[in-house]
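**Student:** Please read through the structure below; I'll follow up with questions.
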Amino acid sequence: FHSFGQFNVGTGDIASFNGPANATIQIQNILSRVTGGTRSEIDGTLRSTISGANLYLLNPSGILFGPNAQLDVSGSFHATTADYIGLADGVRFNAVPSSADNLLTTAPPAAFGFLPSNPNPAPIDVQAGVLDFDFFAFTNVLQVPVGQTLSFVGGPINVGAAPEAPAGGFVFAPGGRINLVSVASPGEARFDGTGFSVDAFARLGDISIKGSSVIDGKEVFIRGGRLMIEEALILPGFFVQFGAPFEPPNGGEVNIQTSESVNIKGPPSTFGLSGILTSAGNPSPGDVPHITIRSPSISLSEGAVVQTNRQGPGNPSNISIEADTVEVRSGAAVNVVNEFEGPGGTLTVNARDVTLDSAGAGSDQFTGLSAQASFHQLYGQPDFETGSFATAFLPSLQFADSGSITVNATGKLTMRGSAQISTDNFAFGKSGNITINAGDMLLAGEGTNTGAIAAQSRLAGQAGGVTINATGSIDMQNGFRISANTLGSDDAGQVNVRAGRSITMSGGSTFISSVTDQPLDSSLDSFAQLFAPFFGVETLDYPSLRATLGVAPATGDLMNVLAALSTISDAAGNPLVAVTDFTPGNGGKVSITAPVLAANDGAHIETSTLWNGNAGGIEVNVGSLTLRDGAIIGSRSGAVRLDRGFTVGTGNAGTVDIAATGAVEISGRLPTSGEGSVITTNTFGDGNAGNISLSANQVNIENGGIVASASGGTVDGQLIVGAGNAGQISVSTPTLTMADGTISVA
């Protein structure tokens, strides 16, 4: 036990806590208090020469750790502006000396206590750390030894450089834990050696992490009233990436819980990102730390990121967000990323209201929630020192699966602009499922900014499915799309949309779909560039890669390119592409259930195959169905490539089954093109169109409305006749009304 009237450590100075000369005395905890009523300013080194001892600094008047503050201890370090440290036997080490000091024992610390006489606990300011911008190296970091704990418990907790000062606020607990706890009322923070319980407090305080600061610990534990992260990072393993001689984190968690709000805001910090990121190294066998955030209000904006990244064989991590309201705006994103063979993590959002809005984001900025898989960063890259490709094409670098996303919004899910919820696979693994359970849903695109709920496989691997359940209404507008697509081998997922009241769709680019297709050549350029080092060129676009491999442009030529790459091996015998199935994938089924389904102004419900796989079917089970002003429900096979002079695709279109207990209305034309509303199956290629089954109490086909199954059609004014057959049409209804309407098979 130590007691100081004042306690300050100047720049370059050292305050050393030394043990007794008798080596048989085992000291586990050093408790020091400051009694004089002035803030402690630490800009030098706090040292303990007692092996393994934990150091506690108690000053109710406040503590400042300046830019040059350092720790030289072998145990944990805890700084607090509490009024006392409660010991495990119930005795208190008070900041104000009294006769109670005579009762002090060797019991370990168990709590930090804040008394009613001091209702506004003093702040702790952490500005420690110096970054040498010339060499981008850290000359100072506030750090505890491996596996130890670093705690700041007090009133407002402010981590970051002082205003107008260089970057600062670098806090590091390699393989250990960092605790940030802010309180704003009397109570006792119970301490179990690592974390704290703050249930005894009526009000919690503010925590601010700003100024390009970095919080790095295997476990980061935050409890407060309001948390603001702005131009700063919580990133376990950050300093390891910058050469710190420690192992990357293996497991752990960033665990945040506040009583009022969490705000995470860009712009990006000095290090290019602002937010919370976890990783286990690149590559590393360790497990990736999880992220858990709980608060009444959670907001991300201006490019902020919450992300986990799996880059090695360890277990994936999950992100869990729980709140009354969740907002992700203006280029902010929550991402679960996987770059290594095996499963991706899960992203779960539980809230009353969820809003995703891209307004204010750059045109190339993703806003929303994603579970993404991609090739590993080392895929296709030669060894830095030897130039060898022996490990550049390992299968483990190619087959990452993306994770899954679940959103539970008991009130309303709102998505605007180009905001997305997506599971994407840019490599050869599977993409994950998307599940949304909501009250009401407003899904509004914005012109060319098409928002989406989409599960997609881009090259090879099965796409995930999309399941949406709304107890109320779903309103889709202005180009929003719900889709499960495969753009390579293997199958697309299913789309299931169910609403308790109604589903309305409007706008020509508004889609509910499942599609199988080959992407445009230009979208495959980044894939082709991965092989540029191996083929000894600086840049390589997709047409050039295709030509290098001797593959002719054709329907589904991506499959031929992948097959050709699979026959080429590196020096270690690894094929450049380890995929073995080059069969074009099939589309998934689209199923829609609601009391009312209304589609207007060219909105689409569609399944299609634009190459050799088969399209999925469409099932609609409703009370009433209205298609107006060019709206479409249809399945098609094949496509016309006028630029190449041929039709493409040998797959079959799917069936369309519509059952309505009430009326079905198909009427009106799209004002811009004059095309009528339509229920259709057709084929432009060698495959067959599907059948149409329409059952309703009443069917009205009016004002240009169409029910049709066809082989071929008109494209850019040219009549195209498909080689496949049209399907059959069955209409079952007591009442059929037709006025300028058509039912046809051609």
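Residues in the structure tokens are named by chain (A, B, ... in the order shown) and by number from 1 within that chain; ligands are numbered from 1 in the order shown.
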Could you give me, as an MDAnalysis selection string, each residue of segment 390-617 of chain A that DSSP assigns to strand (DSSP E) when run on this structure's backbone?
**Tutor:** chainID A and resid 404:416 420:425 434:444 452:457 466:470 473:477 481:486 495:499 502:506 511:516 590:600 604:609
**Student:** Could you give me, as a list in words, each residue of segment 218-436 of chain A that DSSP assigns to helix (DSSP H, G or I) when run on this structure's backbone?
**Tutor:**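 For segment 218-436 of chain A, the helix (DSSP H, G or I) set is Phe238, Phe239, Val240, Gln241, Pro395, Ser396 and Leu397 of chain A.
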**Student:** Between A:Gly417, A:Pro20, A:Gly588, A:Pro575, which residue has the minimum interatomic distance to Val466 of chain A, considering only C-alpha atoms?
**Tutor:**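 Nearest candidate to Val466 of chain A out of A:Gly417, A:Pro20, A:Gly588, A:Pro575: A:Gly588.
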**Student:** Counting only C-alpha atoms, figure out which residue out of A:Asn18, A:Asn315, A:Ser274, A:Thr471 gets nearest to Ser212 of chain A.
**Tutor:** A:Ser274
**Student:** Neighbours of Arg203 of chain A within 12 Å (only C-alpha atoms; same-chain residues fewer than 2 positions away dropped), as a ChimeraX atom specification?
**Tutor:** /A:114,119-121,155,182-188,198-201,205-206,223-226,258-260
**Student:** Hey, can you spit out that residue selection with C-alpha atoms as a short mmCIF file (atom, residue, chain, number, x, y, z; two decimals), in the first residue's frame?
**Tutor:**
```cif
data_model
loop_
_atom_site.label_atom_id
_atom_site.label_comp_id
_atom_site.auth_asym_id
_atom_site.auth_seq_id
_atom_site.Cartn_x
_atom_site.Cartn_y
_atom_site.Cartn_z
CA PHE A 114 -17.68 5.43 -6.21
CA PRO A 119 -21.44 12.05 -7.80
CA ASN A 120 -19.40 13.09 -10.86
CA PRO A 121 -16.31 10.88 -11.02
CA GLY A 155 -15.73 8.97 -14.96
CA SER A 182 -17.04 4.73 -17.34
CA VAL A 183 -19.57 5.50 -14.60
CA ALA A 184 -21.59 8.62 -13.79
CA SER A 185 -23.24 7.81 -10.47
CA PRO A 186 -22.40 6.19 -7.13
CA GLY A 187 -21.94 2.44 -7.11
CA GLU A 188 -19.40 -0.33 -7.09
CA VAL A 198 -21.60 -2.37 -13.47
CA ASP A 199 -25.14 -3.41 -12.57
CA ALA A 200 -24.99 -1.38 -9.34
CA PHE A 201 -24.84 1.99 -11.15
CA GLY A 205 -20.56 7.63 -18.25
CA ASP A 206 -19.04 8.57 -21.60
CA ARG A 223 -18.90 -0.69 -20.33
CA GLY A 224 -20.36 2.80 -20.25
CA GLY A 225 -23.33 5.01 -21.01
CA ARG A 226 -22.30 6.45 -24.37
CA THR A 258 -23.57 0.64 -23.09
CA SER A 259 -26.73 1.93 -21.45
CA GLU A 260 -27.41 4.73 -23.97
#
```
**Student:** From the options A:Thr406, A:Thr567, A:Thr355, A:Gln456, which residue's atoms come nearest to Thr423 of chain A, counting only C-alpha atoms?
**Tutor:** A:Gln456
**Student:** So that I can check the surroundings of Ala95 of chain A, please list as an NGL selection string every protein, DNA and RNA residue that reaches within 8 Å of it, counting only C-alpha atoms and ignoring chain neighbours fewer than 6 positions away.
**Tutor:** :A and (33-35 or 58-60 or 83-84)
**Student:** With C-alpha atoms retained, export the selected residues as a compact mmCIF listing (two decimals), in the first residue's frame.
**Tutor:**
```txt
# COMPACT_ATOMS: atom_id res chain seq x y z
CA ARG A 33 -3.56 6.21 -3.81
CA VAL A 34 -3.33 9.96 -4.37
CA THR A 35 -4.92 11.99 -1.57
CA LEU A 58 -6.21 5.36 -7.46
CA ASN A 59 -6.83 9.12 -7.76
CA PRO A 60 -10.42 10.46 -7.46
CA ASP A 83 -13.12 6.70 -4.19
CA TYR A 84 -11.88 3.36 -2.91
```
**Student:** Find the residues near Ala463 of chain A: any atom within 10 Å, counting only C-alpha atoms, skip ones fewer than 6 places away on the same chain, and give them as a JSON list (two decimals) with C-alpha atoms, in the first residue's frame.
**Tutor:**
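Wrote out37.json, looks like this:
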```json
[["chain", "number", "residue", "atom", "x", "y", "z"],
["A", 402, "SER", "CA", -18.82, -16.81, -47.00],
["A", 423, "THR", "CA", -23.52, -12.69, -48.92],
["A", 424, "ASP", "CA", -20.96, -12.76, -51.73],
["A", 425, "ASN", "CA", -18.37, -15.29, -52.78],
["A", 429, "GLY", "CA", -16.46, -21.60, -52.12],
["A", 430, "LYS", "CA", -20.11, -21.28, -51.17],
["A", 431, "SER", "CA", -21.96, -18.11, -50.32],
["A", 432, "GLY", "CA", -24.06, -18.04, -47.18],
["A", 433, "ASN", "CA", -27.75, -17.65, -46.47],
["A", 454, "ALA", "CA", -28.61, -10.61, -52.38],
["A", 455, "ALA", "CA", -26.83, -13.96, -52.04],
["A", 456, "GLN", "CA", -24.36, -14.43, -54.88],
["A", 457, "SER", "CA", -21.69, -16.83, -56.08],
["A", 484, "ALA", "CA", -30.02, -15.29, -55.18],
["A", 485, "ASN", "CA", -27.72, -15.63, -58.20],
["A", 486, "THR", "CA", -24.93, -17.83, -59.44],
["A", 487, "LEU", "CA", -22.58, -16.43, -62.04],
["A", 488, "GLY", "CA", -20.48, -19.58, -62.37],
["A", 489, "SER", "CA", -20.69, -23.30, -61.75],
["A", 490, "ASP", "CA", -22.99, -24.80, -59.10],
["A", 491, "ASP", "CA", -26.49, -23.66, -58.27],
["A", 492, "ALA", "CA", -28.17, -20.44, -57.25],
["A", 493, "GLY", "CA", -30.09, -20.36, -54.00],
["A", 494, "GLN", "CA", -33.81, -20.09, -53.41],
["A", 585, "GLY", "CA", -25.18, -23.91, -62.34],
["A", 587, "GLY", "CA", -31.15, -21.18, -60.92],
["A", 588, "GLY", "CA", -33.12, -21.39, -57.70]]
```
**Student:** Which residues come within 10 Å of segment 356-366 of chain A, counting only C-alpha atoms, excluding same-chain residues fewer than 6 positions away, as a PyMOL selection string?
**Tutor:** chain A and resi 300-303+326-334+413-421+443-446+449+451
**Student:** Just to confirm, what's the straight-line distance from atom CA of Gly602 of chain A to atom CA of Ile512 of chain A in Å (one decimal)?
**Tutor:** 12.2 Å
**Student:** Here is a test: counting only C-alpha atoms, which residue of A:Ser667, A:Val153, A:Ala392, A:Arg636 is nearest to Phe191 of chain A?
**Tutor:**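 Of A:Ser667, A:Val153, A:Ala392, A:Arg636, the one nearest Phe191 of chain A is A:Val153, counting only C-alpha atoms.
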**Student:** For a quick check of understanding, using only C-alpha atoms, which of A:Asn614, A:Asn697, A:Ser151, A:Ser374 has the smallest distance to Arg177 of chain A?
**Tutor:**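 Among the listed residues, the smallest separation from Arg177 of chain A belongs to A:Ser151.
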**Student:** Just checking: using only C-alpha atoms, which residue out of A:Ser76, A:Ser502, A:Ser317, A:Thr270 ends up closest to Gly176 of chain A?
**Tutor:**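 Of all the options, A:Ser76 lies closest to Gly176 of chain A.
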**Student:** Mind checking which residues fall within 8 Å of Ser396 of chain A, counting only C-alpha atoms, ignoring those fewer than 4 positions away in the same chain, and posting them as number ranges by chain?
**Tutor:** A: 340-341, 400
**Student:** At what distance in Å, to one decimal, does atom CA of Gln257 of chain A lie from atom CA of Asn318 of chain A?
**Tutor:**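 Result for atom CA of Asn318 of chain A versus atom CA of Gln257 of chain A: 16.3 Å, one decimal.
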**Student:** One number please: atom CA of Val561 of chain A to atom CA of His376 of chain A, in Å, one decimal.
**Tutor:**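 Pair atom CA of Val561 of chain A / atom CA of His376 of chain A returns 20.2 Å.
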